[in-house]
Structures are given as structure tokens and as C-alpha cells.
Amino acid sequence: ESDVVIDRFQKKLDLLEESMALRDSKFITVSKEGRRIVELAKKISQSDVTVLITGESGVGKDVIARFIHEESKRKRKGLFTKIDCAALPPTLLESELFGYEKGAFTNAGKEGKKGLLETANGGTAFLDEIGELNIELQAKLLTAIQDKEIKRIGGLNPISLDVRIIVATNRDIAAMVSDRTFRRDLYYRISIVRIHVPPLRERREDIAALADYYLDYFNLRYGTKNFLSKAAVDCMNAYHWPGNVRELKNLIERFIIVNPNAEILKSEIESEIEDRGRFFGGF
């Protein structure tokens with residue numbers, strides 16, 4: 001029993017060190033794979049090279065992108081701006097990325113609008129789900145990266161860009177290149193440096209650390225005193241986590257809201273997992 005207590009205390013210390021090192025980025029990890037990603041991100045942050053972050057939905061690709069910005073000199077020069085390429089139709093996505101001049105189209109604002117790339121000038125532009133860009137927008141993005149300038153929709157004057165581009169996807173971009181649904185030249189341009197974030201089931205050491213972190217986070221946020229039984233943690237360690245870190249975070253928050261100031265039991269974790277119908281493997 002004492003060995004278990006010491007082991008959990010050591011993990012708490014590791015987690016604290018990692019949290020302090022990562023400051024506001026919230027990429028919580030104690031695993032070898034996670035630490036390797038953090039070290040690589042730190043090295044990458046010192047240059048302006050374009051970065052491609054890959055991994056399943058919910059693994060924390062956006063957290064790594066923000067961490068790279070936070071660790072870079074660009075933090076003092078400009079903003080970190082993010083756009084989800086999967087969330088908007090192509091016509092709207094183009095105006096969000098590149099902006100537009102007044103009168104460029106019906107209902108365009110009187111003064112026009114800056115796009116994401118222009119807003120991020122001096123800083124970092126993060127394009128999430130880059131695989132959702134259509135071929136026309138891929139070409140326009142490639143030109144912007146190569147020429148370091150853009151033109152707003154309806155605009156004639158080029159706008160100089162000093163922006164670091166980070167992109168992310170949960171799709172197999174290399175396969176898309178083979179299928180000719182993603183431009184080969186853009187793929188080579190955005191994948192100068194690649195970071196792959198493994199799913200949570202492949203870095204199981206992080207599960208308990210993340211559970212502890214989000215338990216503390218939501219207890220503080222909601223003014224509650226929930227805690228996890230050891231059996232509940234063991235149960236979480238055995239789960240497949242198809243939704244990755246996002247799923248774990250949502251699960252902890254739900255338990256605290258529904259049953260504040262209580263112990264979170266193994267039976268509750270099992271019940272929740274079975275209700276979702278996404279449980280892979282036994283306990």
C-alpha cells in the first residue's frame with residue numbers, strides 16, 4: 001500500500017514539473033512519448049519553420065500548436081490565431097483566411113475585414129483540419145506561404161505577411177496526395193517538420209495524470225471536492241479512449257457536475273463507458 005502511495009505521489013510531482021514547464025499550454029504528460037513531443041515542440045519553437053501536427057481527434061494537437069507559439073519569440077510580436085477548416089463552407093473559409101475588401105461581395109462589411117493570416121501577422125496562424133481545404137484554397141494558401149503575402153478577396157494590393165504557419169489534421173494527408181485530393185507541393189511545404197501525437201491508448205501512463213489534473217481543474221472551477229477511487233483509475237487505465245484527452249476531460253467534468261463532492265467509483269466509470277457503447281476490452 002505504501003508503495004502505491006509513493007508511486008502516486010511521484011506521478012503527482014512529475015505532473016507538477018510538466019505543468020510548470022508547459023505553463024499555460026495544458027499538454028499534460030508524464031509518458032516517454034509525451035515528453036518526446038514536448039522536447040521536439042520546444043526545439044521547433046525557436047525557428048519559423050512550417051509545422052504539420054497529426055493525430056486523432058481529441059489528442060491535443062491545438063495545445064501543441066499553442067505551446068510552440070508560447071515558447072517562441074513570436075509570442076511578444078503577434079497573436080496566436082486559430083481557424084477550424086472543417087467548421088466552415090469553402091466560400092466562408094476563404095474570407096476567414098484571407099479577408100475581404102469592402103464591396104467584395106453582397107453583405108460584405110463596409111470597411112472590409114482582415115483574415116486570419118493578416119490578423120496573425122507577427123505571430124502564429126494555426127489551421128486545424130487542413131485536409132478539409134478544397135484544391136482552390138490549397139493553391140491560394142501555397143501562394144501565400146511561398147510569396148509571404150496575400151490579397152484580400154476583391155483586393156488588388158498585396159499585403160506582406162510575417163507569420164508562422166502551423167497546420168494539423170486527423171486525416172492521412174499522404175494518402176490524400178496519392179489520391180490527388182491534396183496538392184503535393186503544398187504537402188511538402190507544410191510538412192517540413194512533422195509532429196505526431198499518439199492516441200491516449202498508446203500512452204497509458206498519461207491517463208492517471210490527466211485524470212488527476214482535470215479532477216483538480218474542475219474541482220477548483222466548480223468549488224467541489226470530488227475524488228477518484230483507485231479502482232476507478234484502474235478502470236480508466238483499461239479503457240480504449242476513442243475520444244482521447246477530450247473524452248477524458250468531458251467525462252470528469254460530467255461526474256463533478258452530476259454528483260458534486262463525491263467519490264467517483266469504478267461502477268460509475270464502467271456504466272458511463274458502457275452507455276456510450278464504445279468500450280473496447282474488459283476490466
# chains A, B, ... in the order shown; residues from 1 in each chain; ligands from 1

call {"tool": "select_by_dssp", "arguments": {"residues": "stretch 114-226 of chain A", "states": "strand (DSSP E or B)", "output": "PyMOL selection string"}}
result
chain A and resi 124-128+149-150+153+159-160+164-169+193-196

call {"tool": "residues_around", "arguments": {"residues": "stretch 131-142 of chain A", "least_positions_apart": "5", "cutoff": "8 Å", "atoms": "only C-alpha atoms", "output": "PDB file with N, CA and C atoms, in the first residue's frame"}}
result
ATOM      1  N   CYS A  85     -10.727  24.472 -40.239  1.00  0.00           N
ATOM      2  CA  CYS A  85     -11.075  24.403 -41.658  1.00  0.00           C
ATOM      3  C   CYS A  85     -12.271  23.488 -41.930  1.00  0.00           C
ATOM      4  N   ALA A  86     -12.586  22.604 -40.972  1.00  0.00           N
ATOM      5  CA  ALA A  86     -13.712  21.688 -41.148  1.00  0.00           C
ATOM      6  C   ALA A  86     -15.036  22.330 -40.727  1.00  0.00           C
ATOM      7  N   PRO A  90     -16.461  26.240 -47.964  1.00  0.00           N
ATOM      8  CA  PRO A  90     -15.311  26.822 -48.674  1.00  0.00           C
ATOM      9  C   PRO A  90     -15.381  28.324 -48.915  1.00  0.00           C
ATOM     10  N   GLU A  94     -12.659  30.881 -47.171  1.00  0.00           N
ATOM     11  CA  GLU A  94     -11.741  31.744 -47.919  1.00  0.00           C
ATOM     12  C   GLU A  94     -11.708  33.152 -47.330  1.00  0.00           C
ATOM     13  N   THR A 169      -4.044  17.911 -38.737  1.00  0.00           N
ATOM     14  CA  THR A 169      -5.076  17.089 -39.362  1.00  0.00           C
ATOM     15  C   THR A 169      -5.186  15.744 -38.661  1.00  0.00           C
ATOM     16  N   ARG A 171      -6.491  13.369 -40.636  1.00  0.00           N
ATOM     17  CA  ARG A 171      -6.589  12.567 -41.846  1.00  0.00           C
ATOM     18  C   ARG A 171      -5.202  12.145 -42.333  1.00  0.00           C
ATOM     19  N   ILE A 173      -2.854  12.630 -44.814  1.00  0.00           N
ATOM     20  CA  ILE A 173      -2.579  13.582 -45.887  1.00  0.00           C
ATOM     21  C   ILE A 173      -1.750  12.949 -47.012  1.00  0.00           C
ATOM     22  N   THR A 181      -6.277  14.515 -53.962  1.00  0.00           N
ATOM     23  CA  THR A 181      -7.240  15.413 -53.312  1.00  0.00           C
ATOM     24  C   THR A 181      -6.506  16.440 -52.448  1.00  0.00           C
ATOM     25  N   PHE A 182      -5.187  16.287 -52.354  1.00  0.00           N
ATOM     26  CA  PHE A 182      -4.362  17.279 -51.647  1.00  0.00           C
ATOM     27  C   PHE A 182      -3.115  17.524 -52.480  1.00  0.00           C
ATOM     28  N   ARG A 183      -2.788  18.804 -52.682  1.00  0.00           N
ATOM     29  CA  ARG A 183      -1.661  19.173 -53.544  1.00  0.00           C
ATOM     30  C   ARG A 183      -0.336  18.682 -52.973  1.00  0.00           C
ATOM     31  N   ASP A 185       2.665  19.736 -53.783  1.00  0.00           N
ATOM     32  CA  ASP A 185       3.586  20.839 -53.470  1.00  0.00           C
ATOM     33  C   ASP A 185       3.232  21.505 -52.130  1.00  0.00           C
ATOM     34  N   LEU A 186       1.937  21.593 -51.822  1.00  0.00           N
ATOM     35  CA  LEU A 186       1.528  22.163 -50.526  1.00  0.00           C
ATOM     36  C   LEU A 186       1.903  21.209 -49.402  1.00  0.00           C
ATOM     37  N   ARG A 189       5.412  21.609 -48.551  1.00  0.00           N
ATOM     38  CA  ARG A 189       5.647  22.920 -47.935  1.00  0.00           C
ATOM     39  C   ARG A 189       5.227  22.945 -46.463  1.00  0.00           C
TER      40      ARG A 189
END

call {"tool": "residues_around", "arguments": {"residues": "stretch 258-273 of chain A", "least_positions_apart": "4", "cutoff": "6 Å", "atoms": "only C-alpha atoms", "output": "PyMOL selection string"}}
result
chain A and resi 224-229+231-232+279

call {"tool": "write_last_selection", "arguments": {"atoms": "N, CA and C atoms", "output": "PDB file, in the first residue's frame"}}
result
ATOM      1  N   THR A 224     -15.926  22.239  -5.903  1.00  0.00           N
ATOM      2  CA  THR A 224     -16.323  20.924  -5.407  1.00  0.00           C
ATOM      3  C   THR A 224     -15.118  20.190  -4.811  1.00  0.00           C
ATOM      4  N   LYS A 225     -15.390  19.005  -4.238  1.00  0.00           N
ATOM      5  CA  LYS A 225     -14.319  18.204  -3.634  1.00  0.00           C
ATOM      6  C   LYS A 225     -14.449  16.735  -4.050  1.00  0.00           C
ATOM      7  N   ASN A 226     -14.652  16.517  -5.333  1.00  0.00           N
ATOM      8  CA  ASN A 226     -14.732  15.149  -5.833  1.00  0.00           C
ATOM      9  C   ASN A 226     -13.356  14.488  -5.813  1.00  0.00           C
ATOM     10  N   PHE A 227     -13.345  13.177  -5.715  1.00  0.00           N
ATOM     11  CA  PHE A 227     -12.087  12.438  -5.824  1.00  0.00           C
ATOM     12  C   PHE A 227     -12.341  11.095  -6.480  1.00  0.00           C
ATOM     13  N   LEU A 228     -11.282  10.518  -7.047  1.00  0.00           N
ATOM     14  CA  LEU A 228     -11.359   9.251  -7.769  1.00  0.00           C
ATOM     15  C   LEU A 228     -10.879   8.109  -6.896  1.00  0.00           C
ATOM     16  N   SER A 229     -11.626   7.024  -6.859  1.00  0.00           N
ATOM     17  CA  SER A 229     -11.153   5.832  -6.164  1.00  0.00           C
ATOM     18  C   SER A 229     -10.049   5.195  -7.007  1.00  0.00           C
ATOM     19  N   ALA A 231      -9.779   2.122  -7.760  1.00  0.00           N
ATOM     20  CA  ALA A 231     -10.427   1.183  -8.687  1.00  0.00           C
ATOM     21  C   ALA A 231     -10.948   1.923  -9.917  1.00  0.00           C
ATOM     22  N   ALA A 232     -11.435   3.160  -9.708  1.00  0.00           N
ATOM     23  CA  ALA A 232     -11.926   3.963 -10.832  1.00  0.00           C
ATOM     24  C   ALA A 232     -10.779   4.330 -11.773  1.00  0.00           C
ATOM     25  N   PHE A 279     -16.938   0.791 -25.620  1.00  0.00           N
ATOM     26  CA  PHE A 279     -15.985   0.174 -24.720  1.00  0.00           C
ATOM     27  C   PHE A 279     -15.274  -0.981 -25.411  1.00  0.00           C
TER      28      PHE A 279
END

call {"tool": "residues_around", "arguments": {"residues": "A:Arg66", "least_positions_apart": "2", "cutoff": "12 Å", "atoms": "only C-alpha atoms", "output": "JSON, numbers by chain"}}
result
{"A": [22, 23, 24, 25, 26, 27, 38, 41, 42, 45, 51, 53, 60, 61, 62, 63, 64, 68, 69, 70, 71, 72, 74, 75, 79, 80, 81, 82, 123, 124, 125, 126, 127, 128, 164, 165, 166, 167, 168]}

call {"tool": "residues_around", "arguments": {"residues": "A:Gly223", "least_positions_apart": "6", "cutoff": "12 Å", "atoms": "only C-alpha atoms", "output": "VMD selection string"}}
result
chain A and resid 215 to 217 256 to 257 260 to 261

call {"tool": "write_last_selection", "arguments": {"atoms": "N, CA and C atoms", "output": "PDB file, in the first residue's frame"}}
result
ATOM      1  N   LEU A 215      -9.415  16.533 -12.595  1.00  0.00           N
ATOM      2  CA  LEU A 215     -10.147  16.486 -11.332  1.00  0.00           C
ATOM      3  C   LEU A 215      -9.848  17.746 -10.519  1.00  0.00           C
ATOM      4  N   ASP A 216      -8.566  18.082 -10.389  1.00  0.00           N
ATOM      5  CA  ASP A 216      -8.175  19.310  -9.676  1.00  0.00           C
ATOM      6  C   ASP A 216      -8.725  20.556 -10.375  1.00  0.00           C
ATOM      7  N   TYR A 217      -8.640  20.546 -11.713  1.00  0.00           N
ATOM      8  CA  TYR A 217      -9.071  21.697 -12.516  1.00  0.00           C
ATOM      9  C   TYR A 217     -10.564  21.982 -12.316  1.00  0.00           C
ATOM     10  N   ILE A 256     -18.456  15.486 -11.987  1.00  0.00           N
ATOM     11  CA  ILE A 256     -18.422  16.536 -10.967  1.00  0.00           C
ATOM     12  C   ILE A 256     -19.713  17.356 -10.973  1.00  0.00           C
ATOM     13  N   ILE A 257     -20.247  17.623 -12.145  1.00  0.00           N
ATOM     14  CA  ILE A 257     -21.490  18.390 -12.253  1.00  0.00           C
ATOM     15  C   ILE A 257     -22.683  17.586 -11.729  1.00  0.00           C
ATOM     16  N   PRO A 260     -21.633  16.279  -7.305  1.00  0.00           N
ATOM     17  CA  PRO A 260     -20.545  17.040  -6.684  1.00  0.00           C
ATOM     18  C   PRO A 260     -20.174  16.515  -5.293  1.00  0.00           C
ATOM     19  N   ASN A 261     -18.921  16.751  -4.921  1.00  0.00           N
ATOM     20  CA  ASN A 261     -18.405  16.417  -3.588  1.00  0.00           C
ATOM     21  C   ASN A 261     -18.527  14.936  -3.244  1.00  0.00           C
TER      22      ASN A 261
END

call {"tool": "residues_around", "arguments": {"residues": "stretch 153-155 of chain A", "least_positions_apart": "2", "cutoff": "10 Å", "atoms": "only C-alpha atoms", "output": "PyMOL selection string"}}
result
chain A and resi 94-95+97-105+112-113+115+150-151+157-159

call {"tool": "write_last_selection", "arguments": {"atoms": "all heavy atoms", "output": "compact mmCIF listing (two decimals), in the first residue's frame"}}
result
# COMPACT_ATOMS: atom_id res chain seq x y z
N GLU A 94 -12.66 30.88 -47.17
CA GLU A 94 -11.74 31.74 -47.92
C GLU A 94 -11.71 33.15 -47.33
O GLU A 94 -10.64 33.73 -47.13
CB GLU A 94 -12.14 31.80 -49.40
CG GLU A 94 -11.17 32.63 -50.24
CD GLU A 94 -11.55 32.68 -51.71
OE1 GLU A 94 -12.66 32.25 -52.06
OE2 GLU A 94 -10.71 33.17 -52.51
N SER A 95 -12.89 33.70 -47.03
CA SER A 95 -12.93 35.06 -46.48
C SER A 95 -12.36 35.10 -45.06
O SER A 95 -11.75 36.08 -44.65
CB SER A 95 -14.36 35.61 -46.50
OG SER A 95 -15.20 34.89 -45.64
N LEU A 97 -9.93 33.17 -43.96
CA LEU A 97 -8.48 33.02 -44.07
C LEU A 97 -7.80 34.26 -44.63
O LEU A 97 -6.77 34.71 -44.12
CB LEU A 97 -8.14 31.82 -44.96
CG LEU A 97 -8.08 30.44 -44.33
CD1 LEU A 97 -7.91 29.37 -45.39
CD2 LEU A 97 -6.96 30.35 -43.30
N PHE A 98 -8.38 34.80 -45.71
CA PHE A 98 -7.70 35.86 -46.46
C PHE A 98 -8.32 37.25 -46.29
O PHE A 98 -7.71 38.23 -46.71
CB PHE A 98 -7.65 35.48 -47.95
CG PHE A 98 -6.90 34.22 -48.21
CD1 PHE A 98 -7.56 33.01 -48.38
CD2 PHE A 98 -5.51 34.22 -48.27
CE1 PHE A 98 -6.86 31.83 -48.61
CE2 PHE A 98 -4.80 33.05 -48.50
CZ PHE A 98 -5.48 31.85 -48.67
N GLY A 99 -9.50 37.31 -45.70
CA GLY A 99 -10.15 38.61 -45.52
C GLY A 99 -10.78 39.10 -46.82
O GLY A 99 -10.67 38.45 -47.87
N TYR A 100 -11.43 40.25 -46.77
CA TYR A 100 -12.06 40.81 -47.98
C TYR A 100 -12.09 42.33 -47.89
O TYR A 100 -12.04 42.92 -46.81
CB TYR A 100 -13.48 40.25 -48.16
CG TYR A 100 -14.40 40.45 -46.97
CD1 TYR A 100 -15.06 41.67 -46.76
CD2 TYR A 100 -14.63 39.42 -46.06
CE1 TYR A 100 -15.90 41.84 -45.67
CE2 TYR A 100 -15.47 39.59 -44.97
CZ TYR A 100 -16.11 40.81 -44.79
OH TYR A 100 -16.94 41.00 -43.70
N GLU A 101 -12.15 42.96 -49.07
CA GLU A 101 -12.27 44.41 -49.15
C GLU A 101 -13.75 44.79 -49.14
O GLU A 101 -14.62 43.96 -49.44
CB GLU A 101 -11.61 44.92 -50.43
CG GLU A 101 -10.11 44.70 -50.50
CD GLU A 101 -9.33 45.54 -49.51
OE1 GLU A 101 -9.94 46.36 -48.78
OE2 GLU A 101 -8.09 45.37 -49.44
N LYS A 102 -14.03 46.04 -48.81
CA LYS A 102 -15.42 46.50 -48.80
C LYS A 102 -16.02 46.35 -50.21
O LYS A 102 -15.34 46.58 -51.22
CB LYS A 102 -15.50 47.95 -48.34
CG LYS A 102 -14.73 48.95 -49.17
CD LYS A 102 -14.85 50.34 -48.58
CE LYS A 102 -14.05 51.35 -49.41
NZ LYS A 102 -14.14 52.71 -48.86
N GLY A 103 -17.24 45.89 -50.26
CA GLY A 103 -17.93 45.72 -51.53
C GLY A 103 -17.48 44.52 -52.33
O GLY A 103 -17.83 44.38 -53.51
N ALA A 104 -16.67 43.64 -51.70
CA ALA A 104 -16.15 42.48 -52.43
C ALA A 104 -17.26 41.52 -52.84
O ALA A 104 -17.18 40.85 -53.86
CB ALA A 104 -15.11 41.73 -51.58
N PHE A 105 -18.31 41.47 -52.04
CA PHE A 105 -19.46 40.62 -52.36
C PHE A 105 -20.68 41.13 -51.59
O PHE A 105 -20.55 42.00 -50.72
CB PHE A 105 -19.19 39.15 -52.03
CG PHE A 105 -18.61 38.92 -50.66
CD1 PHE A 105 -19.42 38.87 -49.52
CD2 PHE A 105 -17.24 38.76 -50.50
CE1 PHE A 105 -18.88 38.67 -48.28
CE2 PHE A 105 -16.68 38.56 -49.23
CZ PHE A 105 -17.52 38.52 -48.12
N GLY A 112 -14.60 46.32 -44.98
CA GLY A 112 -13.82 45.12 -45.27
C GLY A 112 -13.45 44.40 -43.98
O GLY A 112 -13.85 44.81 -42.89
N LYS A 113 -12.65 43.38 -44.10
CA LYS A 113 -12.30 42.59 -42.92
C LYS A 113 -10.95 41.91 -43.09
O LYS A 113 -10.64 41.40 -44.16
CB LYS A 113 -13.38 41.52 -42.67
CG LYS A 113 -13.12 40.65 -41.45
CD LYS A 113 -14.13 39.50 -41.38
CE LYS A 113 -13.75 38.55 -40.26
NZ LYS A 113 -14.63 37.37 -40.22
N GLY A 115 -8.39 38.87 -42.61
CA GLY A 115 -8.50 37.42 -42.48
C GLY A 115 -7.57 36.92 -41.39
O GLY A 115 -6.79 37.68 -40.80
N ILE A 150 -0.47 38.13 -49.17
CA ILE A 150 -1.82 37.72 -49.57
C ILE A 150 -2.53 38.90 -50.22
O ILE A 150 -2.09 40.05 -50.12
CB ILE A 150 -2.67 37.25 -48.35
CG1 ILE A 150 -2.77 38.39 -47.31
CG2 ILE A 150 -2.16 35.97 -47.77
CD1 ILE A 150 -3.88 38.20 -46.31
N LYS A 151 -3.61 38.59 -50.90
CA LYS A 151 -4.54 39.61 -51.35
C LYS A 151 -5.90 39.26 -50.78
O LYS A 151 -6.34 38.11 -50.84
CB LYS A 151 -4.62 39.64 -52.88
CG LYS A 151 -3.39 40.21 -53.55
CD LYS A 151 -3.55 40.21 -55.07
CE LYS A 151 -2.28 40.73 -55.74
NZ LYS A 151 -2.36 40.63 -57.22
N ASN A 157 -4.22 45.14 -53.94
CA ASN A 157 -2.92 45.40 -53.33
C ASN A 157 -2.46 44.22 -52.46
O ASN A 157 -3.21 43.78 -51.58
CB ASN A 157 -2.96 46.66 -52.45
CG ASN A 157 -3.31 47.89 -53.26
OD1 ASN A 157 -2.87 48.03 -54.40
ND2 ASN A 157 -4.11 48.78 -52.68
N PRO A 158 -1.25 43.70 -52.71
CA PRO A 158 -0.74 42.61 -51.86
C PRO A 158 -0.42 43.11 -50.45
O PRO A 158 0.01 44.25 -50.27
CB PRO A 158 0.53 42.16 -52.60
CG PRO A 158 0.94 43.34 -53.41
CD PRO A 158 -0.30 44.08 -53.76
N ILE A 159 -0.66 42.26 -49.47
CA ILE A 159 -0.37 42.57 -48.06
C ILE A 159 0.76 41.65 -47.61
O ILE A 159 0.64 40.43 -47.70
CB ILE A 159 -1.62 42.36 -47.19
CG1 ILE A 159 -2.75 43.30 -47.64
CG2 ILE A 159 -1.30 42.57 -45.71
CD1 ILE A 159 -4.11 42.91 -47.11

call {"tool": "atom_distance", "arguments": {"atom1": "atom CA of A:Asn244", "atom2": "atom CA of A:Leu93"}}
result
27.2 Å

call {"tool": "select_by_dssp", "arguments": {"residues": "stretch 168-278 of chain A", "states": "helix (DSSP H, G or I)", "output": "NGL selection string"}}
result
:A and (173-178 or 184-190 or 200-202 or 205-222 or 230-238 or 244-258 or 266-276)

call {"tool": "atom_distance", "arguments": {"atom1": "atom CA of A:Thr143", "atom2": "atom CA of A:Arg180"}}
result
18.4 Å

call {"tool": "atom_distance", "arguments": {"atom1": "atom CA of A:Leu52", "atom2": "atom CA of A:His196"}}
result
8.4 Å
